[in-house]
file work_8.txt (compact mmCIF, C-alpha atoms and all ligand atoms)
# COMPACT_ATOMS: atom_id res chain seq x y z
CA MET A 1 -106.15 140.60 51.44
CA LYS A 2 -106.05 138.91 48.04
CA ILE A 3 -103.18 139.11 45.60
CA THR A 4 -103.07 137.63 42.11
CA GLN A 5 -100.19 136.70 39.87
CA ALA A 6 -100.69 135.91 36.18
CA PHE A 7 -98.69 133.59 33.94
CA THR A 8 -99.02 132.82 30.24
CA PHE A 9 -98.05 129.85 28.13
CA GLU A 10 -98.66 128.45 24.66
CA ALA A 11 -99.83 124.90 24.21
CA ALA A 12 -101.59 122.51 21.86
CA HIS A 13 -104.48 120.28 22.83
CA ARG A 14 -107.48 118.38 21.61
CA LEU A 15 -110.53 117.31 23.55
CA PRO A 16 -110.86 113.52 23.15
CA ASN A 17 -114.34 113.19 24.70
CA VAL A 18 -116.29 115.68 22.56
CA PRO A 19 -118.10 114.43 19.43
CA GLU A 20 -115.90 114.05 16.35
CA THR A 21 -117.90 116.87 14.73
CA HIS A 22 -116.93 119.30 17.55
CA ARG A 23 -114.07 121.53 16.33
CA CYS A 24 -112.14 120.96 19.56
CA PHE A 25 -111.87 117.25 18.73
CA ARG A 26 -109.10 118.31 16.34
CA MET A 27 -105.63 119.33 17.55
CA HIS A 28 -105.34 123.12 17.96
CA GLY A 29 -103.60 125.63 20.17
CA HIS A 30 -104.27 128.32 22.74
CA SER A 31 -102.38 131.15 24.39
CA TYR A 32 -103.31 130.23 27.93
CA ARG A 33 -103.38 132.68 30.82
CA ILE A 34 -103.24 131.43 34.38
CA GLU A 35 -104.18 133.56 37.38
CA LEU A 36 -103.17 132.35 40.83
CA THR A 37 -104.92 134.16 43.66
CA LEU A 38 -103.58 133.95 47.21
CA GLU A 39 -105.39 135.17 50.29
CA GLY A 40 -103.98 135.99 53.71
CA PRO A 41 -102.93 138.75 56.07
CA VAL A 42 -100.43 141.42 55.04
CA ASP A 43 -97.18 140.90 56.93
CA PRO A 44 -96.59 144.21 58.76
CA ARG A 45 -92.86 144.23 58.09
CA SER A 46 -92.66 143.09 54.43
CA GLY A 47 -95.99 144.59 53.42
CA PHE A 48 -96.61 141.37 51.47
CA VAL A 49 -99.23 138.64 51.67
CA ILE A 50 -96.46 136.66 49.99
CA ASP A 51 -93.58 137.78 47.81
CA PHE A 52 -94.60 137.53 44.10
CA PHE A 53 -91.09 136.15 43.51
CA ASP A 54 -91.88 133.16 45.76
CA VAL A 55 -95.08 132.47 43.80
CA GLU A 56 -93.11 132.66 40.57
CA ALA A 57 -90.50 130.22 41.88
CA VAL A 58 -93.15 127.65 42.83
CA PHE A 59 -94.99 127.97 39.53
CA ALA A 60 -91.93 127.89 37.24
CA PRO A 61 -91.53 124.07 37.16
CA LEU A 62 -95.23 123.64 36.35
CA LEU A 63 -94.99 126.22 33.59
CA GLU A 64 -92.09 124.21 32.15
CA ARG A 65 -94.35 121.15 31.94
CA LEU A 66 -97.08 123.06 30.08
CA ASP A 67 -95.43 125.67 27.88
CA HIS A 68 -95.03 124.59 24.24
CA HIS A 69 -96.26 121.10 25.03
CA CYS A 70 -99.15 119.04 23.80
CA LEU A 71 -101.28 119.03 26.95
CA ASN A 72 -102.84 115.64 26.14
CA GLU A 73 -99.37 114.14 26.68
CA VAL A 74 -98.94 115.65 30.16
CA GLU A 75 -99.65 113.08 32.87
CA GLY A 76 -103.05 113.85 34.39
CA LEU A 77 -104.15 116.07 31.49
CA GLU A 78 -105.31 113.43 29.02
CA ASN A 79 -108.60 115.40 28.67
CA PRO A 80 -107.19 118.94 28.91
CA THR A 81 -110.26 121.10 29.37
CA ALA A 82 -109.80 124.46 31.11
CA GLU A 83 -111.55 122.91 34.12
CA HIS A 84 -109.11 119.98 34.28
CA ILE A 85 -106.09 122.25 33.84
CA ALA A 86 -107.30 124.42 36.75
CA ILE A 87 -107.67 121.34 39.00
CA TRP A 88 -104.31 119.94 37.83
CA ILE A 89 -102.58 123.22 38.77
CA TRP A 90 -104.44 123.49 42.09
CA GLN A 91 -103.40 119.99 43.16
CA ARG A 92 -99.76 120.83 42.53
CA VAL A 93 -99.52 124.38 43.90
CA LYS A 94 -101.80 124.17 46.95
CA PRO A 95 -99.44 121.93 48.99
CA LEU A 96 -96.56 124.35 48.27
CA LEU A 97 -98.54 127.61 48.54
CA PRO A 98 -101.25 127.05 51.17
CA LEU A 99 -102.50 130.63 50.72
CA VAL A 100 -103.72 129.84 47.18
CA SER A 101 -107.48 130.47 47.12
CA SER A 102 -108.24 130.15 43.41
CA VAL A 103 -106.75 129.09 40.10
CA ARG A 104 -108.10 130.61 36.90
CA VAL A 105 -107.32 129.17 33.49
CA TYR A 106 -108.17 131.34 30.48
CA GLU A 107 -108.34 129.55 27.14
CA THR A 108 -109.30 132.80 25.46
CA PRO A 109 -109.77 136.29 26.94
CA GLN A 110 -113.52 135.54 26.93
CA SER A 111 -113.58 132.04 28.44
CA TRP A 112 -112.04 130.66 31.61
CA ALA A 113 -112.45 128.14 34.39
CA GLU A 114 -111.91 129.00 38.04
CA TYR A 115 -111.21 126.39 40.73
CA GLU A 116 -111.36 127.14 44.45
CA GLY A 117 -110.79 123.62 45.73
CA VAL A 118 -114.36 122.39 45.24
N1 LIG A 201 -116.48 124.20 29.51
C1 LIG A 201 -115.56 124.14 28.53
N2 LIG A 201 -115.95 124.26 27.25
C2 LIG A 201 -115.04 124.22 26.28
C3 LIG A 201 -113.68 124.06 26.59
C4 LIG A 201 -113.30 123.92 27.95
O1 LIG A 201 -112.12 123.76 28.28
N3 LIG A 201 -114.26 123.97 28.88
N4 LIG A 201 -112.77 124.06 25.59
C5 LIG A 201 -113.10 124.20 24.33
C6 LIG A 201 -112.03 124.19 23.29
O2 LIG A 201 -110.75 124.15 23.87
C7 LIG A 201 -112.07 125.27 22.26
O3 LIG A 201 -110.81 125.34 21.58
C8 LIG A 201 -112.33 126.65 22.77
O4 LIG A 201 -112.90 127.34 21.72
P1 LIG A 201 -112.21 128.48 20.88
O5 LIG A 201 -112.60 128.26 19.49
O6 LIG A 201 -110.78 128.52 21.14
O7 LIG A 201 -112.87 129.71 21.57
P2 LIG A 201 -114.01 130.60 21.03
O8 LIG A 201 -115.09 129.77 20.48
O9 LIG A 201 -114.36 131.53 22.13
O10 LIG A 201 -113.21 131.38 19.92
P3 LIG A 201 -113.66 131.97 18.55
O11 LIG A 201 -113.18 133.39 18.63
O12 LIG A 201 -115.14 131.87 18.46
O13 LIG A 201 -112.90 131.17 17.54
C9 LIG A 201 -114.49 124.33 23.92
N5 LIG A 201 -115.41 124.34 25.00
ZN ZN A 202 -109.14 124.34 22.73
call {"tool": "encode", "arguments": {"input": "work_8.txt", "output": "structure tokens", "more": "lines below"}}
Ligand SMILES: Nc1nc2c(c(=O)[nH]1)N=C([C@H](O)[C@H](O)COP(=O)(O)OP(=O)(O)OP(=O)(O)O)CN2
Ligand SMILES: [Zn+2]
result
Amino acid sequence: MKITQAFTFEAAHRLPNVPETHRCFRMHGHSYRIELTLEGPVDPRSGFVIDFFDVEAVFAPLLERLDHHCLNEVEGLENPTAEHIAIWIWQRVKPLLPLVSSVRVYETPQSWAEYEGV
């Protein structure tokens, strides 16, 4: 069984490695949406794969580091593409939530990166 919990945050960023003529070279902002998917058996007593509240508790400190920040200033996110943000989140949540099977990072409703550990 797969369950997914979504989080949103606002942040500024610029992409330092694109050409200067690329519009994302300039500082701008996004309303990011994160989707954490966890996969595992349904516990027969709780009826949960994992309590959404437990997922929320693990993700809260990471959200603090991202929300209303300039992502380029966050350690490990000097080139904050959606792909790098997905990997950054994966590396920090996977040890705490081993059932995580994918991390999706939406920059816009139409564009996202999904990381499954490879
Ligand atoms: N593979 C990736 N490509 C791009 C990324 C990325 O993270 N991975 N990021 C960007 C920029 O962040 C850019 O800001 C995204 O473009 P944006 O203008 O926000 O999105 P749209 O072009 O879809 O929005 P419009 O509605 O056309 O303004 C670029 N590429
Ligand atoms: Zn952008």
call {"tool": "atom_distance", "arguments": {"input": "work_8.txt", "atom1": "CA of Val74 in chain A", "atom2": "CA of Ile50 in chain A"}}
result
29.0 Å
call {"tool": "residues_near_point", "arguments": {"input": "work_8.txt", "point": "(-102.2, 130.9, 47.2)", "cutoff": "8 Å", "atoms": "all atoms listed in the file", "output": "list in words"}}
result
Leu36, Thr37, Leu38, Glu39, Val93, Lys94, Leu97, Pro98, Leu99, Val100, Ser101 and Ser102 of chain A
call {"tool": "residues_near_ligand", "arguments": {"input": "work_8.txt", "ligand": "ligand ZN 202 (chain A)", "cutoff": "9 Å", "atoms": "all atoms listed in the file", "output": "PyMOL selection string"}}
result
chain A and resi 12-15+23-30+80-82+107-108
call {"tool": "atom_distance", "arguments": {"input": "work_8.txt", "atom1": "CA of Ser111 in chain A", "atom2": "CA of Ile89 in chain A"}}
result
17.5 Å
call {"tool": "residues_around", "arguments": {"input": "work_8.txt", "residues": "Tyr115 in chain A", "least_positions_apart": "6", "cutoff": "9 Å", "atoms": "only C-alpha atoms", "output": "list in words"}}
result
Glu83, Ala86, Ile87, Trp90, Ser101, Ser102, Val103, Arg104 and Val105 of chain A
call {"tool": "residues_around", "arguments": {"input": "work_8.txt", "residues": "Tyr106 in chain A", "least_positions_apart": "3", "cutoff": "7 Å", "atoms": "only C-alpha atoms", "output": "list of chain:residue names"}}
result
A:Tyr32, A:Arg33, A:Ile34, A:Pro109, A:Ser111, A:Trp112, A:Ala113
call {"tool": "atom_distance", "arguments": {"input": "work_8.txt", "atom1": "CA of Leu62 in chain A", "atom2": "CA of Leu77 in chain A"}}
result
12.7 Å
call {"tool": "closest_residue", "arguments": {"input": "work_8.txt", "among": "A:Gln110, A:Ser46, A:Thr4, A:Asn72", "to": "ligand LIG 201 (chain A)", "atoms": "all atoms listed in the file"}}
result
A:Gln110
call {"tool": "residues_near_point", "arguments": {"input": "work_8.txt", "point": "(-100.0, 129.7, 24.9)", "cutoff": "7 Å", "atoms": "all atoms listed in the file", "output": "JSON, numbers by chain"}}
result
{"A": [8, 9, 10, 11, 30, 31, 32, 67]}
call {"tool": "decode", "arguments": {"input": "work_8.txt", "residues": "chain A", "atoms": "C-alpha atoms", "output": "compact mmCIF listing (two decimals), in the first residue's frame"}}
result
# COMPACT_ATOMS: atom_id res chain seq x y z
CA MET A 1 0.00 0.00 0.00
CA LYS A 2 1.20 3.51 -0.82
CA ILE A 3 0.24 6.63 1.07
CA THR A 4 1.21 10.19 0.21
CA GLN A 5 1.38 13.32 2.30
CA ALA A 6 1.74 16.77 0.72
CA PHE A 7 3.41 19.87 2.14
CA THR A 8 3.73 23.37 0.71
CA PHE A 9 6.21 26.16 1.26
CA GLU A 10 7.21 29.47 -0.27
CA ALA A 11 10.82 30.16 -1.14
CA ALA A 12 13.12 32.24 -3.30
CA HIS A 13 15.89 30.85 -5.47
CA ARG A 14 18.05 31.42 -8.48
CA LEU A 15 19.83 28.87 -10.62
CA PRO A 16 23.54 29.81 -10.65
CA ASN A 17 24.60 27.36 -13.39
CA VAL A 18 22.20 28.35 -16.18
CA PRO A 19 23.29 30.96 -18.76
CA GLU A 20 22.92 34.58 -17.63
CA THR A 21 20.25 34.99 -20.34
CA HIS A 22 18.09 32.23 -18.78
CA ARG A 23 15.31 33.84 -16.72
CA CYS A 24 15.98 31.49 -13.81
CA PHE A 25 19.46 33.00 -13.42
CA ARG A 26 17.68 35.89 -11.69
CA MET A 27 16.30 35.62 -8.15
CA HIS A 28 12.60 34.67 -8.15
CA GLY A 29 10.16 32.68 -6.07
CA HIS A 30 7.97 29.60 -6.16
CA SER A 31 5.12 28.14 -4.15
CA TYR A 32 6.63 24.70 -3.79
CA ARG A 33 4.62 21.54 -3.19
CA ILE A 34 6.29 18.46 -1.77
CA GLU A 35 4.74 15.00 -1.92
CA LEU A 36 6.22 12.28 0.27
CA THR A 37 5.09 8.78 -0.66
CA LEU A 38 5.56 5.89 1.76
CA GLU A 39 5.05 2.25 0.93
CA GLY A 40 4.48 -0.67 3.27
CA PRO A 41 1.92 -3.05 4.72
CA VAL A 42 -1.22 -1.80 6.46
CA ASP A 43 -0.97 -2.50 10.17
CA PRO A 44 -4.06 -4.61 10.97
CA ARG A 45 -4.75 -2.87 14.26
CA SER A 46 -4.14 0.82 13.39
CA GLY A 47 -5.23 0.51 9.77
CA PHE A 48 -2.23 2.71 8.90
CA VAL A 49 0.87 2.20 6.80
CA ILE A 50 2.16 4.96 9.08
CA ASP A 51 0.33 7.68 10.96
CA PHE A 52 0.25 10.89 8.84
CA PHE A 53 0.98 12.75 12.09
CA ASP A 54 4.32 10.91 12.39
CA VAL A 55 5.24 11.90 8.82
CA GLU A 56 4.32 15.50 9.61
CA ALA A 57 6.47 15.48 12.75
CA VAL A 58 9.53 14.24 10.84
CA PHE A 59 9.07 16.72 8.01
CA ALA A 60 8.37 19.80 10.16
CA PRO A 61 12.04 20.66 10.92
CA LEU A 62 12.93 20.38 7.22
CA LEU A 63 10.00 22.59 6.28
CA GLU A 64 11.33 25.17 8.77
CA ARG A 65 14.65 25.22 6.90
CA LEU A 66 12.96 25.80 3.53
CA ASP A 67 9.85 27.91 4.10
CA HIS A 68 10.38 31.63 3.42
CA HIS A 69 14.09 31.12 2.88
CA CYS A 70 16.39 31.77 -0.01
CA LEU A 71 17.15 28.17 -1.00
CA ASN A 72 20.60 29.05 -2.37
CA GLU A 73 21.60 29.85 1.23
CA VAL A 74 20.51 26.46 2.59
CA GLU A 75 23.50 24.14 3.07
CA GLY A 76 23.47 21.56 0.28
CA LEU A 77 21.10 23.57 -1.93
CA GLU A 78 23.53 25.99 -3.53
CA ASN A 79 22.07 24.99 -6.94
CA PRO A 80 18.41 24.57 -5.92
CA THR A 81 16.83 22.84 -8.89
CA ALA A 82 13.71 20.76 -8.25
CA GLU A 83 15.90 17.68 -8.77
CA HIS A 84 18.40 18.77 -6.11
CA ILE A 85 15.65 19.70 -3.65
CA ALA A 86 14.10 16.23 -4.08
CA ILE A 87 17.47 14.55 -3.38
CA TRP A 88 18.15 16.90 -0.44
CA ILE A 89 14.80 15.97 1.14
CA TRP A 90 15.26 12.25 0.42
CA GLN A 91 18.67 12.17 2.12
CA ARG A 92 17.19 13.71 5.25
CA VAL A 93 13.86 11.88 5.54
CA LYS A 94 14.82 8.37 4.40
CA PRO A 95 16.91 7.55 7.52
CA LEU A 96 14.00 8.67 9.73
CA LEU A 97 11.16 7.26 7.62
CA PRO A 98 12.47 4.07 5.97
CA LEU A 99 9.10 3.50 4.26
CA VAL A 100 9.60 6.59 2.06
CA SER A 101 9.56 5.41 -1.56
CA SER A 102 9.50 8.71 -3.44
CA VAL A 103 9.88 12.44 -2.98
CA ARG A 104 8.18 14.77 -5.45
CA VAL A 105 9.02 18.46 -5.66
CA TYR A 106 6.64 20.65 -7.66
CA GLU A 107 7.97 24.04 -8.70
CA THR A 108 4.72 24.76 -10.49
CA PRO A 109 1.58 22.62 -10.83
CA GLN A 110 2.89 21.64 -14.29
CA SER A 111 6.52 20.81 -13.47
CA TRP A 112 8.05 18.54 -10.86
CA ALA A 113 10.95 16.25 -10.09
CA GLU A 114 10.50 12.84 -8.49
CA TYR A 115 13.30 10.98 -6.69
CA GLU A 116 13.08 7.32 -5.71
CA GLY A 117 16.60 6.91 -4.39
CA VAL A 118 18.29 6.49 -7.78
